[in-house]
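All remarks here apply to the structure that follows.
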Number of protein chains: 2
Amino acid sequence: MTSGLTERNKQRTRREMAEAAGRLFLERGYHATTVQDIADAADVSARTFFRYFPCKEDVITAIASASMDDAIDLLGGRSAKEPLGSVLTAMLTVALASVSENPDPVRAFQHMLRDTPALRGRWLEEQRKSRDRLAEALRPWFSDDSHPLAPHLVAGAAMLAVDEVITLWVDDRSVPDPLSLLDEALHILNGPLIFPGQP
Amino acid sequence: MTSGLTERNKQRTRREMAEAAGRLFLERGYHATTVQDIADAADVSARTFFRYFPCKEDVITAIASASMDDAIDLLGGRSAKEPLGSVLTAMLTVALASVSENPDPVRAFQHMLRDTPALRGRWLEEQRKSRDRLAEALRPWFSDDSHPLAPHLVAGAAMLAVDEVITLWVDDRSVPDPLSLLDEALHILNGPLIFPGQP
DNA sequence: GCAGTGTTGGCAGAATCTGCCAGGTTGACA
DNA sequence: TGTCAACCTGGCAGATTCTGCCAACACTGC
């Protein structure tokens with residue numbers, strides 16, 4: 001059963017390890033945190049850690065996927081008759097919600113990511129997976145005779161906008177509101193950006 | 001001296017290690033290849049390997065950066081008076097050159113990458129760095145009063161097109177020519193893709 | 001309750017990565 | 001050409017990451 005005690009215990013253990021890892025990485029850095037430290041903080045053995053995550057780096061993906069998953073799930077409840085632009089902006093607003101709500105922890109986390117190549121790679125890979133899932137979720141908004149790359153390009157453009165907005169926002173404290181910046185980015189992407197003369 | 005014997009020996013050692021690693025990864029897989037194997041194939045000690053690359057995964061970046069670097073360097077010799085579209089297509093043609101010229105090794109390498117999360121992360125990180133370098137190289141094509149995100153979004157869109165084209169090409173052997181597919185992707189990105197109604 | 005399945009912990013061992021030092025090679029100068 | 005300083009290399013010890021194995025325990029379904 002998916003709602004049995006065993007399953008709930010596993011989810012709890014997984015969540016506790018991910019939270020402990022995120023906290024310890026922020027406190028003392030990735031390399032200064034051993035798997036034993038994370039296991040101790042989550043009150044399990046180091047051997048159990050590797051049963052939940054293939055390697056130490058992978059614990060970051062449990063954190064990375066969470067935010068985007070909520071946003072992508074939102075598309076399932078939307079009708080394909082709504083304009084693509086509305087559902088995209090609604091989804092990206094959800095994706096940026098945690099950024100607007102508690103900016104300081106997000107900034108610290110992004111700085112930690114930037115300074116840790118081992119984690120950055122996994123983070124980017126998780127982003128890449130979210131891009132593919134988003135493309136799949138957007139398929140109902142495209143007709144059968146549209147180009148096979150179209151959903152992937154739209155999904156990629158959306159993820160690109162979020163990525164660049166966050167990148168700018170993390171280092172520039174004068175950026176007032178990530179959401180309005182995102183809106184500007186989306187409208188630039190919507191215009192003729194490769195061949196400026198040809199609309 | 002940058003042209004001394006010592007420097008040339010170092011470059012040769014680095015190249016031999018990268019080539020040996022790429023060959024061994026393809027032959028027997030990433031995890032089945034130890035650093036000792038790579039060092040033996042390049043005729044150095046394992047200790048020396050870690051003097052050239054911070055970790056085993058990083059040997060892949062020496063291969064990843066090469067292709068895009070040539071393409072981006074091409075922008076330095078172009079005038080900012082040329083249309084953005086022309087220089088972008090010229091650059092991306094260079095970037096896809098090795099794909100068109102020897103497709104089979106590139107396909108095998110991409111499959112190996114896809115099946116090896118540890119390498120995929122580093123590959124994506126190198127792609128992300130190339131994106132930033134490309135955005136910087138594109139700056140002359142943007143006026144001072146254009147949006148600060150504009151070069152980054154154009155660079156990101158270009159890299160996105162290449163990425164999705166290669167992803168489709170790797171698995172679908174019916175794709176005739178990656179270059180014409182790239183052209184289609186660029187024109188889709190150039191159109192109103194987020195808000196289809198508003199050009 | 002009881003058998004069956006699945007999860008956990010501990011241990012041994014391989015592989016990755018680092019600090020350290022001794023020995024050899026290279027490059028600059030006389 | 002000879003000498004010295006700087007650098008590169010190899011080897012070793014040790015910490016950490018990650019895996020295979022087995023026994024003990026907890027949960028599930030009857």
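The way I read the labels, and the way they are meant: chains A, B, ... in the order of the structure tokens, residue 1 as the first residue of every chain, and ligand 1 as the first ligand shown, with later ones counted on from there.
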
8 Å contacts from chain C to chain B using only C-alpha atoms (C1' of nucleotides), as a PyMOL selection string: chain C and resi 15-17+26

Writer output for current selection, N, CA, C and O atoms (P, O5', C5', C4', C3', O3' and C1' of nucleotides), as a compact mmCIF listing (two decimals), in the first residue's frame:
# COMPACT_ATOMS: atom_id res chain seq x y z
P DA C 15 38.75 -1.08 -7.55
O5' DA C 15 38.31 0.44 -7.42
C5' DA C 15 36.97 0.81 -7.67
C4' DA C 15 36.79 2.27 -7.33
C3' DA C 15 37.89 3.19 -7.90
O3' DA C 15 37.30 4.21 -8.68
C1' DA C 15 37.55 3.58 -5.57
P DT C 16 38.18 5.40 -9.30
O5' DT C 16 37.89 6.63 -8.32
C5' DT C 16 36.55 6.98 -8.03
C4' DT C 16 36.51 8.09 -6.98
C3' DT C 16 37.31 9.35 -7.33
O3' DT C 16 36.51 10.48 -7.00
C1' DT C 16 38.00 8.54 -5.24
P DC C 17 36.94 11.94 -7.63
O5' DC C 17 38.01 12.53 -6.60
C5' DC C 17 37.53 13.08 -5.38
C4' DC C 17 38.67 13.30 -4.43
C3' DC C 17 39.78 14.27 -4.86
O3' DC C 17 39.64 15.49 -4.11
C1' DC C 17 40.60 12.42 -3.60
P DT C 26 63.56 17.59 -19.58
O5' DT C 26 63.23 19.13 -19.27
C5' DT C 26 61.90 19.49 -18.86
C4' DT C 26 61.89 20.95 -18.41
C3' DT C 26 62.55 21.93 -19.38
O3' DT C 26 61.66 23.00 -19.67
C1' DT C 26 63.41 22.23 -17.19

Applying 7 Å and only C-alpha atoms (C1' of nucleotides), which residues near segment 86-94 of chain B remain after dropping the ones on its own chain fewer than 5 positions away? List them as a ChimeraX atom specification. /B:71-72,74,179

Would you mind listing what lies within 10 Å of DT25 of chain C as a PyMOL selection string, with only C-alpha atoms (C1' of nucleotides) counted and same-chain residues fewer than 4 positions away left out? (chain B and resi 6) or (chain D and resi 7-9)

Using only C-alpha atoms (C1' of nucleotides), what table do you get, as CSV, when you list each residue of chain B with an atom no more than 10 Å from chain D, its nearest pair of atoms, and their distance in Å rounded to one decimal, rows by chain then rising number?
residue,atom,partner,partner_atom,distance
B:Thr6,CA,D:DC8,C1',8.5
B:Lys10,CA,D:DC8,C1',9.1
B:Val44,CA,D:DT9,C1',8.5
B:Ser45,CA,D:DG10,C1',6.5
B:Ala46,CA,D:DG10,C1',8.9
B:Arg47,CA,D:DG10,C1',7.4
B:Thr48,CA,D:DT9,C1',7.0

Find the residue from B:Ala42, B:Val162, B:Leu26, B:Arg139 that sits nearest to Thr13 of chain B; use only C-alpha atoms when measuring. B:Ala42

Within 10 Å of chain A, which residues of chain B show up? Give each one with its shortest atom-to-atom distance in Å (one decimal) and the two atoms involved, counting only C-alpha atoms, rows by chain then rising residue number, as a tab-separated table.
residue	atom	partner	partner_atom	distance
B:Cys55	CA	A:Ala118	CA	9.7
B:Glu57	CA	A:Ala118	CA	9.4
B:Asp58	CA	A:Ala118	CA	9.9
B:Pro83	CA	A:Phe195	CA	7.7
B:Leu84	CA	A:Phe195	CA	6.5
B:Gly85	CA	A:Phe195	CA	4.8
B:Ser86	CA	A:Phe195	CA	8.3
B:Leu88	CA	A:Ile194	CA	7.8
B:Thr89	CA	A:Ile194	CA	9.3
B:Pro117	CA	A:Glu125	CA	8.1
B:Ala118	CA	A:Arg122	CA	8.1
B:Leu119	CA	A:Gly121	CA	8.8
B:Arg120	CA	A:Glu125	CA	7.1
B:Gly121	CA	A:Gly121	CA	4.0
B:Arg122	CA	A:Gly121	CA	5.3
B:Trp123	CA	A:Gly121	CA	7.9
B:Leu124	CA	A:Leu124	CA	6.4
B:Glu125	CA	A:Gly121	CA	5.4
B:Glu126	CA	A:Gly121	CA	8.9
B:Gln127	CA	A:Leu124	CA	10.0
B:Arg128	CA	A:Leu124	CA	8.5
B:His147	CA	A:Ile188	CA	8.7
B:Pro148	CA	A:Leu168	CA	9.2
B:Leu149	CA	A:Ala185	CA	7.0
B:Ala150	CA	A:Ile188	CA	7.1
B:Pro151	CA	A:Leu193	CA	9.5
B:His152	CA	A:Glu164	CA	7.2
B:Leu153	CA	A:Leu189	CA	7.0
B:Val154	CA	A:Leu193	CA	6.4
B:Ala155	CA	A:Ile194	CA	9.4
B:Gly156	CA	A:Leu160	CA	6.6
B:Ala157	CA	A:Ala157	CA	6.7
B:Ala158	CA	A:Ile194	CA	8.2
B:Leu160	CA	A:Gly156	CA	6.6
B:Ala161	CA	A:Leu153	CA	7.2
B:Asp163	CA	A:Gly156	CA	9.8
B:Glu164	CA	A:His152	CA	7.2
B:Val165	CA	A:Leu149	CA	8.0
B:Leu168	CA	A:Leu149	CA	8.2
B:Leu181	CA	A:Leu149	CA	9.2
B:Glu184	CA	A:His147	CA	8.7
B:Ala185	CA	A:Leu149	CA	7.0
B:Leu186	CA	A:Ile194	CA	7.1
B:His187	CA	A:Ile194	CA	7.9
B:Ile188	CA	A:Ala150	CA	7.1
B:Leu189	CA	A:Leu153	CA	7.0
B:Asn190	CA	A:Pro192	CA	4.6
B:Gly191	CA	A:Pro192	CA	5.8
B:Pro192	CA	A:Asn190	CA	4.6
B:Leu193	CA	A:Asn190	CA	5.6
B:Ile194	CA	A:Gly85	CA	5.4
B:Phe195	CA	A:Gly85	CA	4.8
B:Pro196	CA	A:Leu84	CA	7.5
B:Gly197	CA	A:Pro83	CA	8.8
B:Gln198	CA	A:Asn190	CA	8.3
B:Pro199	CA	A:Gly191	CA	6.5

I'd like the neighbourhood of segment 16-18 of chain B as a count of residues only, where a residue qualifies if any of its atoms comes within 8 Å (using only C-alpha atoms (C1' of nucleotides)), though same-chain residues fewer than 3 positions away should be ignored. 13

Using atom CA of Asp69 of chain B and atom CA of Ala135 of chain B as the two end points, give the distance in Å to one decimal. 12.9 Å

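The gap separating atom CA of Asp73 of chain A from atom CA of Ala137 of chain A is 8.4 Å, in Å to one decimal.
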
Proximity to Leu134 of chain B - best of B:Pro176, B:Gly76, B:Ala108, B:Asp183, only C-alpha atoms: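 Nearest to Leu134 of chain B: B:Gly76.
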
Per-residue DSSP, segment 43-80 of chain A, filtered to alpha helix (DSSP H), as a ChimeraX atom specification: /A:46-52,59-76
